[in-house]
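K.L.:
Structure in structure tokens, see below.
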Amino acid sequence: MKRPTAVTTIESFILEQERQHPQATGELTNLLYDVALGTKLVAAAIRRAGLVDILGSAGDVNVQGEEQQKLDVFANECMKSALAAAGRVCVLASEEDELPTQISSGSEARYAVLIDPLDGSSNIDVNGSVGTIFSIYRRVSDGEPDIMDVLQPGNQQVAAGYVMYGSSVMLVYTTGAGVHGFTLDPTVGEFLLSHHYITMPETGKYLSVNESNFPRWTKGAQKAVRAFHGERPEVMAAKNSRYIGSLVADFHRNLIAGGVFLYPSDTRNPKGKLRLSYEANPMALIAEQAGGAATNGMTRILDIQPEELHQRTPLVIGSKKDVEFVVDMLRNEPE
Ligand code: P6P
């Protein structure tokens, strides 16, 4: 990764990237700017969350059956309005909404967007890091948008990224030309390039997994995690365990420092817990663009054809050799 010297805004960076990739149209550049604008609104609300009456639950439950925190609802509305403003998006699918929202059927609405507007929201009330995840496709429908616009495999994404609301607000994205990070300078309200061409070490320091699920995993998953604990130093060096329960924060740590995040299937979540379309797919594109890997244990995440919008998947993602080790353990499950 290169540490930039000049001050580069996300707008000028995306324009430069677009200049270098003639097939990119200005539309994607403008859409990424719309996403960044939406997340700035969310960041401002989160910074004040402890002061303004938007903490605590909104009383409703979302399509996942999870109690909706007010910030979840606010973030969802922020992203919808930012993405609707310029008419570039035909349909938006969100973790918070059971069905996709048709945004625009105009001919200039050439993109479909999927978002997890506030991932890790259970961390809000304890001031933990949360994030917004986004995934962008070219629409495949003609005329009226339809569900197939948001049921595309992850290998069709034209862009993907996340904004992490942590000790600083950081936007990380890829359009298939490397992974780049921008840190929000709140004094000027601009995302400035801070991490150019982020690459993930082949094997990493950290293991991120919810250990309380251990008794419910398959023997292969248990064997892999015990090796990461250091039980088999001849095949795998011990890792430091770090888990916050917010995919964006756990993934970002491994992206920068190297490591592996896993949420295997278990007897309580036989199809896995994380959502394929707006959690696993965008993170998988970023991981691969940074030299890492992402699988459901058997298949590359980006090659899975979604069958329904809120479909769950097991997820193993991060440093390439660490992911390959888990796959090997799962495939050669002990009797
Ligand atoms: P658990 C948050 O709800 C989330 O979808 C991801 O951000 C996170 O990685 C995972 O669930 C945490 O799940 O079961 O460990 O609390």
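Ligands are numbered from 1 in the order shown, chains are lettered A, B, ... in the order of the structure tokens, and residues start at 1 in each chain.
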Could you list, with a cut-off of 8 Å and counting only C-alpha atoms and all ligand atoms, the residues of chain A near ligand 1, each shown with its nearest atom pair and the distance in Å rounded to one decimal, rows sorted by chain and ascending number, as a tab-separated table?
P.N.:
```
residue	atom	partner	partner_atom_place_in_ligand_line	distance
A:Asp119	CA	ligand 1	7 (O)	4.9
A:Gly120	CA	ligand 1	2 (C)	3.8
A:Ser121	CA	ligand 1	3 (O)	6.4
A:Ser122	CA	ligand 1	3 (O)	6.5
A:Val130	CA	ligand 1	7 (O)	7.8
A:Val209	CA	ligand 1	15 (O)	7.3
A:Asn210	CA	ligand 1	15 (O)	4.9
A:Ile244	CA	ligand 1	9 (O)	7.8
A:Gly245	CA	ligand 1	12 (C)	4.1
A:Ser246	CA	ligand 1	7 (O)	3.7
A:Leu247	CA	ligand 1	9 (O)	3.5
A:Val248	CA	ligand 1	7 (O)	6.4
A:Asp250	CA	ligand 1	9 (O)	7.1
A:Tyr263	CA	ligand 1	9 (O)	7.6
A:Lys273	CA	ligand 1	11 (O)	7.0
A:Leu274	CA	ligand 1	5 (O)	5.6
A:Arg275	CA	ligand 1	5 (O)	7.4
A:Glu279	CA	ligand 1	5 (O)	7.7
```
K.L.:
Where in stretch 140-315 of chain A does DSSP assign alpha helix (DSSP H), given as number ranges by chain?
P.N.:
A: 219-226, 247-257, 281-289
K.L.:
Quick one: write out the picked residues with N, CA and C atoms as an mmCIF file, in the first residue's frame?
P.N.:
```cif
data_model
loop_
_atom_site.group_PDB
_atom_site.id
_atom_site.type_symbol
_atom_site.label_atom_id
_atom_site.label_comp_id
_atom_site.auth_asym_id
_atom_site.auth_seq_id
_atom_site.Cartn_x
_atom_site.Cartn_y
_atom_site.Cartn_z
ATOM 1 N N LYS A 219 -17.062 -30.479 12.359
ATOM 2 C CA LYS A 219 -15.739 -30.869 12.862
ATOM 3 C C LYS A 219 -14.629 -30.153 12.087
ATOM 4 N N GLY A 220 -14.828 -29.952 10.790
ATOM 5 C CA GLY A 220 -13.805 -29.286 9.968
ATOM 6 C C GLY A 220 -13.580 -27.851 10.410
ATOM 7 N N ALA A 221 -14.683 -27.146 10.698
ATOM 8 C CA ALA A 221 -14.557 -25.750 11.136
ATOM 9 C C ALA A 221 -13.876 -25.696 12.507
ATOM 10 N N GLN A 222 -14.247 -26.630 13.380
ATOM 11 C CA GLN A 222 -13.616 -26.674 14.704
ATOM 12 C C GLN A 222 -12.114 -26.931 14.579
ATOM 13 N N LYS A 223 -11.765 -27.829 13.647
ATOM 14 C CA LYS A 223 -10.346 -28.184 13.457
ATOM 15 C C LYS A 223 -9.555 -26.973 12.950
ATOM 16 N N ALA A 224 -10.177 -26.215 12.026
ATOM 17 C CA ALA A 224 -9.496 -25.036 11.472
ATOM 18 C C ALA A 224 -9.252 -24.002 12.566
ATOM 19 N N VAL A 225 -10.283 -23.727 13.381
ATOM 20 C CA VAL A 225 -10.145 -22.682 14.409
ATOM 21 C C VAL A 225 -9.181 -23.124 15.505
ATOM 22 N N ARG A 226 -9.189 -24.412 15.832
ATOM 23 C CA ARG A 226 -8.214 -24.876 16.850
ATOM 24 C C ARG A 226 -6.784 -24.675 16.335
ATOM 25 N N LEU A 247 -19.333 -6.723 10.869
ATOM 26 C CA LEU A 247 -18.547 -7.242 9.736
ATOM 27 C C LEU A 247 -17.593 -6.198 9.178
ATOM 28 N N VAL A 248 -18.064 -4.950 9.043
ATOM 29 C CA VAL A 248 -17.208 -3.916 8.445
ATOM 30 C C VAL A 248 -15.940 -3.741 9.277
ATOM 31 N N ALA A 249 -16.097 -3.659 10.602
ATOM 32 C CA ALA A 249 -14.930 -3.425 11.482
ATOM 33 C C ALA A 249 -14.013 -4.650 11.511
ATOM 34 N N ASP A 250 -14.597 -5.846 11.596
ATOM 35 C CA ASP A 250 -13.775 -7.068 11.630
ATOM 36 C C ASP A 250 -13.066 -7.286 10.296
ATOM 37 N N PHE A 251 -13.770 -7.029 9.192
ATOM 38 C CA PHE A 251 -13.146 -7.189 7.869
ATOM 39 C C PHE A 251 -12.033 -6.155 7.651
ATOM 40 N N HIS A 252 -12.324 -4.897 8.051
ATOM 41 C CA HIS A 252 -11.358 -3.815 7.773
ATOM 42 C C HIS A 252 -10.038 -4.078 8.491
ATOM 43 N N ARG A 253 -10.121 -4.567 9.730
ATOM 44 C CA ARG A 253 -8.889 -4.862 10.482
ATOM 45 C C ARG A 253 -8.048 -5.872 9.707
ATOM 46 N N ASN A 254 -8.708 -6.936 9.187
ATOM 47 C CA ASN A 254 -7.971 -7.984 8.470
ATOM 48 C C ASN A 254 -7.478 -7.473 7.117
ATOM 49 N N LEU A 255 -8.234 -6.559 6.495
ATOM 50 C CA LEU A 255 -7.791 -6.001 5.216
ATOM 51 C C LEU A 255 -6.465 -5.253 5.404
ATOM 52 N N ILE A 256 -6.390 -4.477 6.470
ATOM 53 C CA ILE A 256 -5.195 -3.646 6.690
ATOM 54 C C ILE A 256 -4.052 -4.470 7.285
ATOM 55 N N ALA A 257 -4.352 -5.318 8.277
ATOM 56 C CA ALA A 257 -3.265 -5.998 9.012
ATOM 57 C C ALA A 257 -3.112 -7.458 8.615
ATOM 58 N N ASN A 281 -20.951 -10.493 -0.799
ATOM 59 C CA ASN A 281 -20.475 -10.153 -2.152
ATOM 60 C C ASN A 281 -19.606 -8.893 -2.209
ATOM 61 N N PRO A 282 -20.059 -7.763 -1.635
ATOM 62 C CA PRO A 282 -19.184 -6.573 -1.725
ATOM 63 C C PRO A 282 -17.854 -6.785 -1.020
ATOM 64 N N MET A 283 -17.883 -7.444 0.147
ATOM 65 C CA MET A 283 -16.617 -7.681 0.865
ATOM 66 C C MET A 283 -15.726 -8.650 0.082
ATOM 67 N N ALA A 284 -16.346 -9.607 -0.618
ATOM 68 C CA ALA A 284 -15.562 -10.576 -1.398
ATOM 69 C C ALA A 284 -14.850 -9.892 -2.566
ATOM 70 N N LEU A 285 -15.520 -8.933 -3.213
ATOM 71 C CA LEU A 285 -14.877 -8.227 -4.330
ATOM 72 C C LEU A 285 -13.676 -7.427 -3.813
ATOM 73 N N ILE A 286 -13.859 -6.777 -2.678
ATOM 74 C CA ILE A 286 -12.764 -6.007 -2.082
ATOM 75 C C ILE A 286 -11.617 -6.948 -1.686
ATOM 76 N N ALA A 287 -11.963 -8.055 -1.029
ATOM 77 C CA ALA A 287 -10.917 -8.989 -0.586
ATOM 78 C C ALA A 287 -10.093 -9.480 -1.770
ATOM 79 N N GLU A 288 -10.769 -9.900 -2.853
ATOM 80 C CA GLU A 288 -10.034 -10.436 -4.013
ATOM 81 C C GLU A 288 -9.209 -9.341 -4.682
ATOM 82 N N GLN A 289 -9.759 -8.129 -4.775
ATOM 83 C CA GLN A 289 -9.010 -7.029 -5.389
ATOM 84 C C GLN A 289 -7.783 -6.646 -4.560
#
```
K.L.:
Pick out the residues sitting within 10 Å of A:Gly204, and hand them over as a list in words; count only C-alpha atoms, and ignore anything fewer than 3 positions along from it in its own chain.
P.N.:
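Result of the neighbour search: Met200, Pro201, Leu207, Ala237, Ala238, Lys239, Asn240, Asn254, Leu255, Ile256, Ala257, Gly258, Gly259, Val260, Gly318, Ser319, Lys320, Lys321 and Asp322 of chain A.
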K.L.:
Would you mind exporting all heavy atoms of the selected residues as a short mmCIF file (atom, residue, chain, number, x, y, z; two decimals), in the first residue's frame?
P.N.:
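Below is the file selection.cif, written as the result:
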```
data_model
loop_
_atom_site.label_atom_id
_atom_site.label_comp_id
_atom_site.auth_asym_id
_atom_site.auth_seq_id
_atom_site.Cartn_x
_atom_site.Cartn_y
_atom_site.Cartn_z
N MET A 200 -3.75 -7.07 0.96
CA MET A 200 -3.86 -7.90 2.16
C MET A 200 -2.66 -8.87 2.20
O MET A 200 -2.36 -9.52 1.19
CB MET A 200 -5.13 -8.74 2.03
CG MET A 200 -6.00 -8.79 3.24
SD MET A 200 -7.31 -9.99 2.89
CE MET A 200 -8.71 -8.96 3.15
N PRO A 201 -1.95 -8.97 3.33
CA PRO A 201 -0.87 -9.96 3.45
C PRO A 201 -1.41 -11.37 3.16
O PRO A 201 -2.59 -11.65 3.46
CB PRO A 201 -0.42 -9.85 4.91
CG PRO A 201 -0.90 -8.51 5.38
CD PRO A 201 -2.14 -8.20 4.59
N LEU A 207 -7.46 -13.56 13.80
CA LEU A 207 -8.59 -14.49 13.64
C LEU A 207 -9.83 -13.78 14.16
O LEU A 207 -9.83 -13.30 15.32
CB LEU A 207 -8.36 -15.76 14.46
CG LEU A 207 -9.60 -16.64 14.71
CD1 LEU A 207 -10.14 -17.22 13.41
CD2 LEU A 207 -9.28 -17.74 15.72
N ALA A 237 0.55 -21.01 12.09
CA ALA A 237 0.98 -20.20 13.25
C ALA A 237 -0.25 -19.67 13.98
O ALA A 237 -1.28 -19.38 13.35
CB ALA A 237 1.84 -19.02 12.75
N ALA A 238 -0.14 -19.56 15.29
CA ALA A 238 -1.27 -19.06 16.09
C ALA A 238 -1.59 -17.61 15.70
O ALA A 238 -0.71 -16.84 15.32
CB ALA A 238 -0.91 -19.12 17.57
N LYS A 239 -2.87 -17.27 15.79
CA LYS A 239 -3.31 -15.91 15.46
C LYS A 239 -3.85 -15.22 16.71
O LYS A 239 -4.24 -15.88 17.67
CB LYS A 239 -4.40 -15.94 14.37
CG LYS A 239 -3.90 -16.50 13.04
CD LYS A 239 -4.89 -16.25 11.93
CE LYS A 239 -4.44 -16.91 10.63
NZ LYS A 239 -3.12 -16.43 10.16
N ASN A 240 -3.86 -13.87 16.65
CA ASN A 240 -4.50 -13.08 17.70
C ASN A 240 -6.00 -13.04 17.42
O ASN A 240 -6.39 -12.82 16.27
CB ASN A 240 -3.98 -11.64 17.65
CG ASN A 240 -2.81 -11.45 18.60
OD1 ASN A 240 -2.58 -12.30 19.44
ND2 ASN A 240 -2.11 -10.35 18.45
N ASN A 254 -8.71 -6.94 9.19
CA ASN A 254 -7.97 -7.98 8.47
C ASN A 254 -7.48 -7.47 7.12
O ASN A 254 -6.43 -7.89 6.64
CB ASN A 254 -8.86 -9.22 8.28
CG ASN A 254 -9.23 -9.86 9.61
OD1 ASN A 254 -8.62 -9.59 10.64
ND2 ASN A 254 -10.27 -10.67 9.62
N LEU A 255 -8.23 -6.56 6.50
CA LEU A 255 -7.79 -6.00 5.22
C LEU A 255 -6.46 -5.25 5.40
O LEU A 255 -5.54 -5.39 4.61
CB LEU A 255 -8.85 -5.04 4.67
CG LEU A 255 -8.51 -4.28 3.38
CD1 LEU A 255 -8.49 -5.23 2.19
CD2 LEU A 255 -9.50 -3.14 3.13
N ILE A 256 -6.39 -4.48 6.47
CA ILE A 256 -5.19 -3.65 6.69
C ILE A 256 -4.05 -4.47 7.28
O ILE A 256 -2.91 -4.39 6.83
CB ILE A 256 -5.52 -2.47 7.63
CG1 ILE A 256 -6.64 -1.58 7.03
CG2 ILE A 256 -4.26 -1.66 7.93
CD1 ILE A 256 -6.28 -0.91 5.72
N ALA A 257 -4.35 -5.32 8.28
CA ALA A 257 -3.27 -6.00 9.01
C ALA A 257 -3.11 -7.46 8.61
O ALA A 257 -2.15 -8.12 9.03
CB ALA A 257 -3.51 -5.92 10.52
N GLY A 258 -4.08 -8.00 7.85
CA GLY A 258 -4.00 -9.41 7.46
C GLY A 258 -4.69 -10.29 8.48
O GLY A 258 -4.60 -10.03 9.69
N GLY A 259 -5.39 -11.30 7.99
CA GLY A 259 -6.09 -12.20 8.90
C GLY A 259 -7.29 -12.81 8.22
O GLY A 259 -7.53 -12.59 7.03
N VAL A 260 -8.05 -13.57 8.99
CA VAL A 260 -9.19 -14.29 8.42
C VAL A 260 -10.42 -14.09 9.31
O VAL A 260 -10.32 -14.11 10.54
CB VAL A 260 -8.87 -15.80 8.26
CG1 VAL A 260 -8.53 -16.45 9.61
CG2 VAL A 260 -9.99 -16.54 7.56
N GLY A 318 -10.66 -13.25 3.75
CA GLY A 318 -9.46 -12.58 4.26
C GLY A 318 -8.22 -13.00 3.53
O GLY A 318 -8.27 -13.26 2.31
N SER A 319 -7.11 -13.07 4.26
CA SER A 319 -5.81 -13.41 3.65
C SER A 319 -5.90 -14.75 2.94
O SER A 319 -6.42 -15.73 3.48
CB SER A 319 -4.73 -13.45 4.74
OG SER A 319 -4.52 -12.16 5.27
N LYS A 320 -5.34 -14.77 1.72
CA LYS A 320 -5.55 -15.89 0.80
C LYS A 320 -5.15 -17.24 1.41
O LYS A 320 -5.93 -18.20 1.38
CB LYS A 320 -4.72 -15.65 -0.47
CG LYS A 320 -5.08 -16.51 -1.68
CD LYS A 320 -4.26 -16.06 -2.89
CE LYS A 320 -4.60 -16.87 -4.12
NZ LYS A 320 -5.97 -16.70 -4.62
N LYS A 321 -3.97 -17.32 2.00
CA LYS A 321 -3.50 -18.61 2.53
C LYS A 321 -4.32 -19.05 3.75
O LYS A 321 -4.56 -20.24 3.97
CB LYS A 321 -2.01 -18.54 2.87
CG LYS A 321 -1.10 -18.47 1.63
CD LYS A 321 0.31 -18.91 1.93
CE LYS A 321 1.21 -18.87 0.71
NZ LYS A 321 0.67 -19.62 -0.44
N ASP A 322 -4.80 -18.09 4.52
CA ASP A 322 -5.63 -18.44 5.68
C ASP A 322 -6.98 -19.00 5.22
O ASP A 322 -7.50 -19.98 5.78
CB ASP A 322 -5.84 -17.20 6.55
CG ASP A 322 -4.52 -16.71 7.19
OD1 ASP A 322 -3.58 -17.53 7.33
OD2 ASP A 322 -4.43 -15.51 7.51
#
```
K.L.:
Return the single residue from A:Ala160, A:Ile317, A:Ile10, A:Ala36 that is closest to A:Thr203, with distances computed using only C-alpha atoms.
P.N.:
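Closest to A:Thr203 of all the choices is A:Ile317.
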K.L.:
I'd like the contact shell of A:Gly143 - 9 Å cut-off, only C-alpha atoms, skipping same-chain residues fewer than 3 positions apart - returned as a list in words.
P.N.:
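So the residues in contact are Ser105, Gly106 and Ser107 of chain A.
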K.L.:
Please write the residues from the selection above to a file, keeping N, CA and C atoms, as an mmCIF file, in the first residue's frame.
P.N.:
```cif
data_model
loop_
_atom_site.group_PDB
_atom_site.id
_atom_site.type_symbol
_atom_site.label_atom_id
_atom_site.label_comp_id
_atom_site.auth_asym_id
_atom_site.auth_seq_id
_atom_site.Cartn_x
_atom_site.Cartn_y
_atom_site.Cartn_z
ATOM 1 N N SER A 105 -37.135 4.642 -13.553
ATOM 2 C CA SER A 105 -37.144 3.751 -14.735
ATOM 3 C C SER A 105 -36.672 4.513 -15.969
ATOM 4 N N GLY A 106 -36.076 5.688 -15.720
ATOM 5 C CA GLY A 106 -35.574 6.460 -16.866
ATOM 6 C C GLY A 106 -34.415 5.744 -17.548
ATOM 7 N N SER A 107 -34.163 6.089 -18.796
ATOM 8 C CA SER A 107 -33.093 5.406 -19.555
ATOM 9 C C SER A 107 -31.718 5.693 -18.949
#
```
K.L.:
I'd like the neighbourhood of stretch 187-199 of chain A as a compact mmCIF listing (two decimals) with all heavy atoms, in the first residue's frame, where a residue qualifies if any of its atoms comes within 9 Å (using only C-alpha atoms), though same-chain residues fewer than 4 positions away should be ignored.
P.N.:
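What follows is the written file result01.txt:
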```txt
# COMPACT_ATOMS: atom_id res chain seq x y z
N MET A 1 0.85 -1.19 0.00
CA MET A 1 0.00 0.00 0.00
C MET A 1 0.89 1.25 0.00
O MET A 1 1.89 1.28 0.69
CB MET A 1 -0.89 0.01 1.25
CG MET A 1 -1.74 1.28 1.39
SD MET A 1 -2.75 1.19 2.85
CE MET A 1 -1.52 1.19 4.14
N LYS A 2 0.47 2.25 -0.79
CA LYS A 2 1.26 3.48 -0.85
C LYS A 2 0.57 4.54 0.00
O LYS A 2 -0.64 4.68 -0.02
CB LYS A 2 1.33 3.98 -2.30
CG LYS A 2 1.88 2.96 -3.30
CD LYS A 2 1.62 3.44 -4.73
CE LYS A 2 1.86 2.32 -5.74
NZ LYS A 2 1.23 2.61 -7.04
N ARG A 3 1.35 5.31 0.75
CA ARG A 3 0.81 6.42 1.54
C ARG A 3 0.84 7.67 0.67
O ARG A 3 1.91 8.11 0.27
CB ARG A 3 1.66 6.63 2.80
CG ARG A 3 1.41 5.58 3.86
CD ARG A 3 0.16 5.90 4.65
NE ARG A 3 -0.13 4.86 5.66
CZ ARG A 3 -1.30 4.77 6.30
NH1 ARG A 3 -2.25 5.63 6.02
NH2 ARG A 3 -1.51 3.82 7.19
N PRO A 4 -0.30 8.23 0.31
CA PRO A 4 -0.30 9.39 -0.60
C PRO A 4 0.40 10.59 0.03
O PRO A 4 0.40 10.72 1.26
CB PRO A 4 -1.78 9.68 -0.81
CG PRO A 4 -2.55 8.59 -0.15
CD PRO A 4 -1.63 7.85 0.74
N THR A 5 0.95 11.42 -0.79
CA THR A 5 1.58 12.66 -0.29
C THR A 5 0.66 13.85 -0.58
O THR A 5 0.39 14.66 0.29
CB THR A 5 2.93 12.86 -0.99
OG1 THR A 5 2.70 12.73 -2.40
CG2 THR A 5 3.92 11.80 -0.52
N ALA A 6 0.13 13.93 -1.82
CA ALA A 6 -0.73 15.07 -2.15
C ALA A 6 -2.11 14.88 -1.51
O ALA A 6 -2.48 13.78 -1.12
CB ALA A 6 -0.90 15.15 -3.67
N VAL A 7 -2.85 15.98 -1.39
CA VAL A 7 -4.23 15.92 -0.90
C VAL A 7 -5.12 15.59 -2.10
O VAL A 7 -5.20 16.37 -3.05
CB VAL A 7 -4.65 17.28 -0.28
CG1 VAL A 7 -6.13 17.26 0.07
CG2 VAL A 7 -3.80 17.57 0.95
N THR A 8 -5.74 14.42 -2.06
CA THR A 8 -6.58 13.98 -3.18
C THR A 8 -7.97 13.68 -2.66
O THR A 8 -8.14 12.83 -1.79
CB THR A 8 -5.99 12.70 -3.82
OG1 THR A 8 -4.62 12.93 -4.16
CG2 THR A 8 -6.77 12.29 -5.06
N THR A 9 -8.97 14.38 -3.19
CA THR A 9 -10.35 14.09 -2.78
C THR A 9 -10.84 12.86 -3.52
O THR A 9 -10.31 12.47 -4.57
CB THR A 9 -11.28 15.27 -3.16
OG1 THR A 9 -11.31 15.37 -4.59
CG2 THR A 9 -10.81 16.57 -2.54
N ILE A 10 -11.89 12.25 -2.99
CA ILE A 10 -12.43 11.06 -3.64
C ILE A 10 -12.96 11.40 -5.02
O ILE A 10 -12.82 10.61 -5.97
CB ILE A 10 -13.53 10.39 -2.77
CG1 ILE A 10 -13.93 9.03 -3.36
CG2 ILE A 10 -14.74 11.29 -2.57
CD1 ILE A 10 -14.78 8.19 -2.45
N GLU A 11 -13.49 12.61 -5.18
CA GLU A 11 -14.01 12.99 -6.49
C GLU A 11 -12.88 13.01 -7.52
O GLU A 11 -12.99 12.41 -8.59
CB GLU A 11 -14.68 14.37 -6.42
CG GLU A 11 -15.96 14.42 -5.62
CD GLU A 11 -15.72 14.48 -4.11
OE1 GLU A 11 -14.55 14.57 -3.66
OE2 GLU A 11 -16.71 14.35 -3.37
N PHE A 13 -10.02 11.59 -7.35
CA PHE A 13 -9.42 10.26 -7.52
C PHE A 13 -10.27 9.41 -8.47
O PHE A 13 -9.76 8.78 -9.39
CB PHE A 13 -9.30 9.56 -6.17
CG PHE A 13 -8.62 8.22 -6.25
CD1 PHE A 13 -7.24 8.12 -6.22
CD2 PHE A 13 -9.37 7.06 -6.39
CE1 PHE A 13 -6.60 6.89 -6.31
CE2 PHE A 13 -8.75 5.82 -6.48
CZ PHE A 13 -7.36 5.74 -6.45
N ALA A 36 -21.03 8.36 -1.46
CA ALA A 36 -20.19 9.04 -0.46
C ALA A 36 -20.98 10.12 0.26
O ALA A 36 -20.92 10.26 1.48
CB ALA A 36 -18.96 9.65 -1.14
N LYS A 40 -21.86 10.50 4.31
CA LYS A 40 -21.48 11.67 5.12
C LYS A 40 -22.65 12.08 6.02
O LYS A 40 -22.47 12.47 7.17
CB LYS A 40 -21.11 12.85 4.22
CG LYS A 40 -19.77 12.73 3.54
CD LYS A 40 -19.53 14.00 2.71
CE LYS A 40 -18.41 13.83 1.70
NZ LYS A 40 -18.27 15.01 0.81
N VAL A 169 -13.84 8.22 10.12
CA VAL A 169 -14.79 7.71 9.13
C VAL A 169 -14.01 7.41 7.86
O VAL A 169 -13.33 8.29 7.32
CB VAL A 169 -15.89 8.75 8.84
CG1 VAL A 169 -16.86 8.21 7.77
CG2 VAL A 169 -16.67 9.06 10.12
N MET A 170 -14.05 6.16 7.44
CA MET A 170 -13.22 5.77 6.30
C MET A 170 -14.06 5.07 5.25
O MET A 170 -14.86 4.20 5.57
CB MET A 170 -12.10 4.85 6.77
CG MET A 170 -11.01 4.73 5.77
SD MET A 170 -9.57 3.88 6.45
CE MET A 170 -8.86 3.36 4.91
N LEU A 171 -13.89 5.50 3.99
CA LEU A 171 -14.57 4.86 2.85
C LEU A 171 -13.54 4.01 2.12
O LEU A 171 -12.45 4.51 1.80
CB LEU A 171 -15.16 5.92 1.91
CG LEU A 171 -16.02 5.41 0.73
CD1 LEU A 171 -17.05 6.46 0.33
CD2 LEU A 171 -15.20 5.03 -0.48
N VAL A 172 -13.86 2.74 1.89
CA VAL A 172 -12.99 1.82 1.15
C VAL A 172 -13.80 1.30 -0.03
O VAL A 172 -14.95 0.89 0.15
CB VAL A 172 -12.53 0.65 2.03
CG1 VAL A 172 -11.74 -0.37 1.21
CG2 VAL A 172 -11.69 1.17 3.21
N ALA A 177 -10.14 -1.98 -10.05
CA ALA A 177 -8.77 -1.48 -10.33
C ALA A 177 -8.08 -1.21 -8.99
O ALA A 177 -7.62 -0.08 -8.72
CB ALA A 177 -8.84 -0.20 -11.17
N GLY A 178 -8.06 -2.24 -8.14
CA GLY A 178 -7.42 -2.10 -6.83
C GLY A 178 -8.39 -1.58 -5.78
O GLY A 178 -9.53 -1.19 -6.08
N VAL A 179 -7.93 -1.59 -4.54
CA VAL A 179 -8.76 -1.17 -3.39
C VAL A 179 -8.14 0.10 -2.82
O VAL A 179 -6.91 0.16 -2.60
CB VAL A 179 -8.79 -2.27 -2.31
CG1 VAL A 179 -9.57 -1.82 -1.07
CG2 VAL A 179 -9.41 -3.55 -2.87
N HIS A 180 -9.00 1.11 -2.59
CA HIS A 180 -8.46 2.40 -2.15
C HIS A 180 -9.27 2.92 -0.96
O HIS A 180 -10.50 2.71 -0.90
CB HIS A 180 -8.52 3.40 -3.31
CG HIS A 180 -7.93 2.82 -4.57
ND1 HIS A 180 -6.59 2.60 -4.74
CD2 HIS A 180 -8.53 2.34 -5.69
CE1 HIS A 180 -6.37 2.05 -5.92
NE2 HIS A 180 -7.52 1.87 -6.52
N GLY A 181 -8.59 3.57 -0.03
CA GLY A 181 -9.23 4.05 1.19
C GLY A 181 -9.16 5.56 1.32
O GLY A 181 -8.14 6.16 0.97
N PHE A 182 -10.28 6.15 1.78
CA PHE A 182 -10.39 7.59 1.93
C PHE A 182 -10.87 7.89 3.35
O PHE A 182 -11.83 7.27 3.82
CB PHE A 182 -11.40 8.16 0.91
CG PHE A 182 -11.01 7.89 -0.51
CD1 PHE A 182 -11.25 6.64 -1.08
CD2 PHE A 182 -10.35 8.84 -1.27
CE1 PHE A 182 -10.85 6.36 -2.37
CE2 PHE A 182 -9.95 8.58 -2.57
CZ PHE A 182 -10.20 7.34 -3.12
N THR A 183 -10.20 8.83 3.99
CA THR A 183 -10.57 9.20 5.36
C THR A 183 -11.29 10.54 5.34
O THR A 183 -10.86 11.47 4.65
CB THR A 183 -9.31 9.27 6.25
OG1 THR A 183 -8.69 7.97 6.25
CG2 THR A 183 -9.66 9.66 7.67
N LEU A 255 -8.23 -6.56 6.50
CA LEU A 255 -7.79 -6.00 5.22
C LEU A 255 -6.46 -5.25 5.40
O LEU A 255 -5.54 -5.39 4.61
CB LEU A 255 -8.85 -5.04 4.67
CG LEU A 255 -8.51 -4.28 3.38
CD1 LEU A 255 -8.49 -5.23 2.19
CD2 LEU A 255 -9.50 -3.14 3.13
N ILE A 256 -6.39 -4.48 6.47
CA ILE A 256 -5.19 -3.65 6.69
C ILE A 256 -4.05 -4.47 7.28
O ILE A 256 -2.91 -4.39 6.83
CB ILE A 256 -5.52 -2.47 7.63
CG1 ILE A 256 -6.64 -1.58 7.03
CG2 ILE A 256 -4.26 -1.66 7.93
CD1 ILE A 256 -6.28 -0.91 5.72
N GLY A 258 -4.08 -8.00 7.85
CA GLY A 258 -4.00 -9.41 7.46
C GLY A 258 -4.69 -10.29 8.48
O GLY A 258 -4.60 -10.03 9.69
N ALA A 287 -11.96 -8.06 -1.03
CA ALA A 287 -10.92 -8.99 -0.59
C ALA A 287 -10.09 -9.48 -1.77
O ALA A 287 -8.85 -9.44 -1.74
CB ALA A 287 -11.55 -10.17 0.15
N GLN A 289 -9.76 -8.13 -4.78
CA GLN A 289 -9.01 -7.03 -5.39
C GLN A 289 -7.78 -6.65 -4.56
O GLN A 289 -6.84 -6.04 -5.08
CB GLN A 289 -9.92 -5.80 -5.57
CG GLN A 289 -10.83 -5.90 -6.78
CD GLN A 289 -10.04 -5.75 -8.08
OE1 GLN A 289 -9.26 -4.82 -8.23
NE2 GLN A 289 -10.22 -6.68 -8.99
N ALA A 290 -7.82 -7.01 -3.26
CA ALA A 290 -6.67 -6.70 -2.39
C ALA A 290 -5.74 -7.91 -2.26
O ALA A 290 -4.83 -7.91 -1.43
CB ALA A 290 -7.16 -6.27 -1.00
N GLY A 291 -5.97 -8.96 -3.09
CA GLY A 291 -5.11 -10.14 -3.07
C GLY A 291 -5.57 -11.22 -2.11
O GLY A 291 -4.88 -12.23 -1.94
N GLY A 292 -6.74 -11.04 -1.51
CA GLY A 292 -7.28 -12.05 -0.58
C GLY A 292 -8.25 -12.98 -1.28
O GLY A 292 -8.24 -13.11 -2.52
```
K.L.:
To one decimal in Å, tell me the separation between atom CA of A:Val323 and atom CA of A:Ala294.
P.N.:
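Atom-to-atom, atom CA of A:Val323 and atom CA of A:Ala294 are spaced 7.1 Å apart.
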K.L.:
Of the residues A:Gly161, A:Gly297, A:Gly128, A:Pro306, which is the one nearest to A:Arg47, using only C-alpha atoms?
P.N.:
A:Gly128
K.L.:
Considering only C-alpha atoms, state which residue in the set A:Asn76, A:Thr174, A:Ser141, A:Ser167 is at the smallest distance from A:Gln17.
P.N.:
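Once distances to A:Gln17 are computed over only C-alpha atoms, the minimum belongs to A:Thr174.
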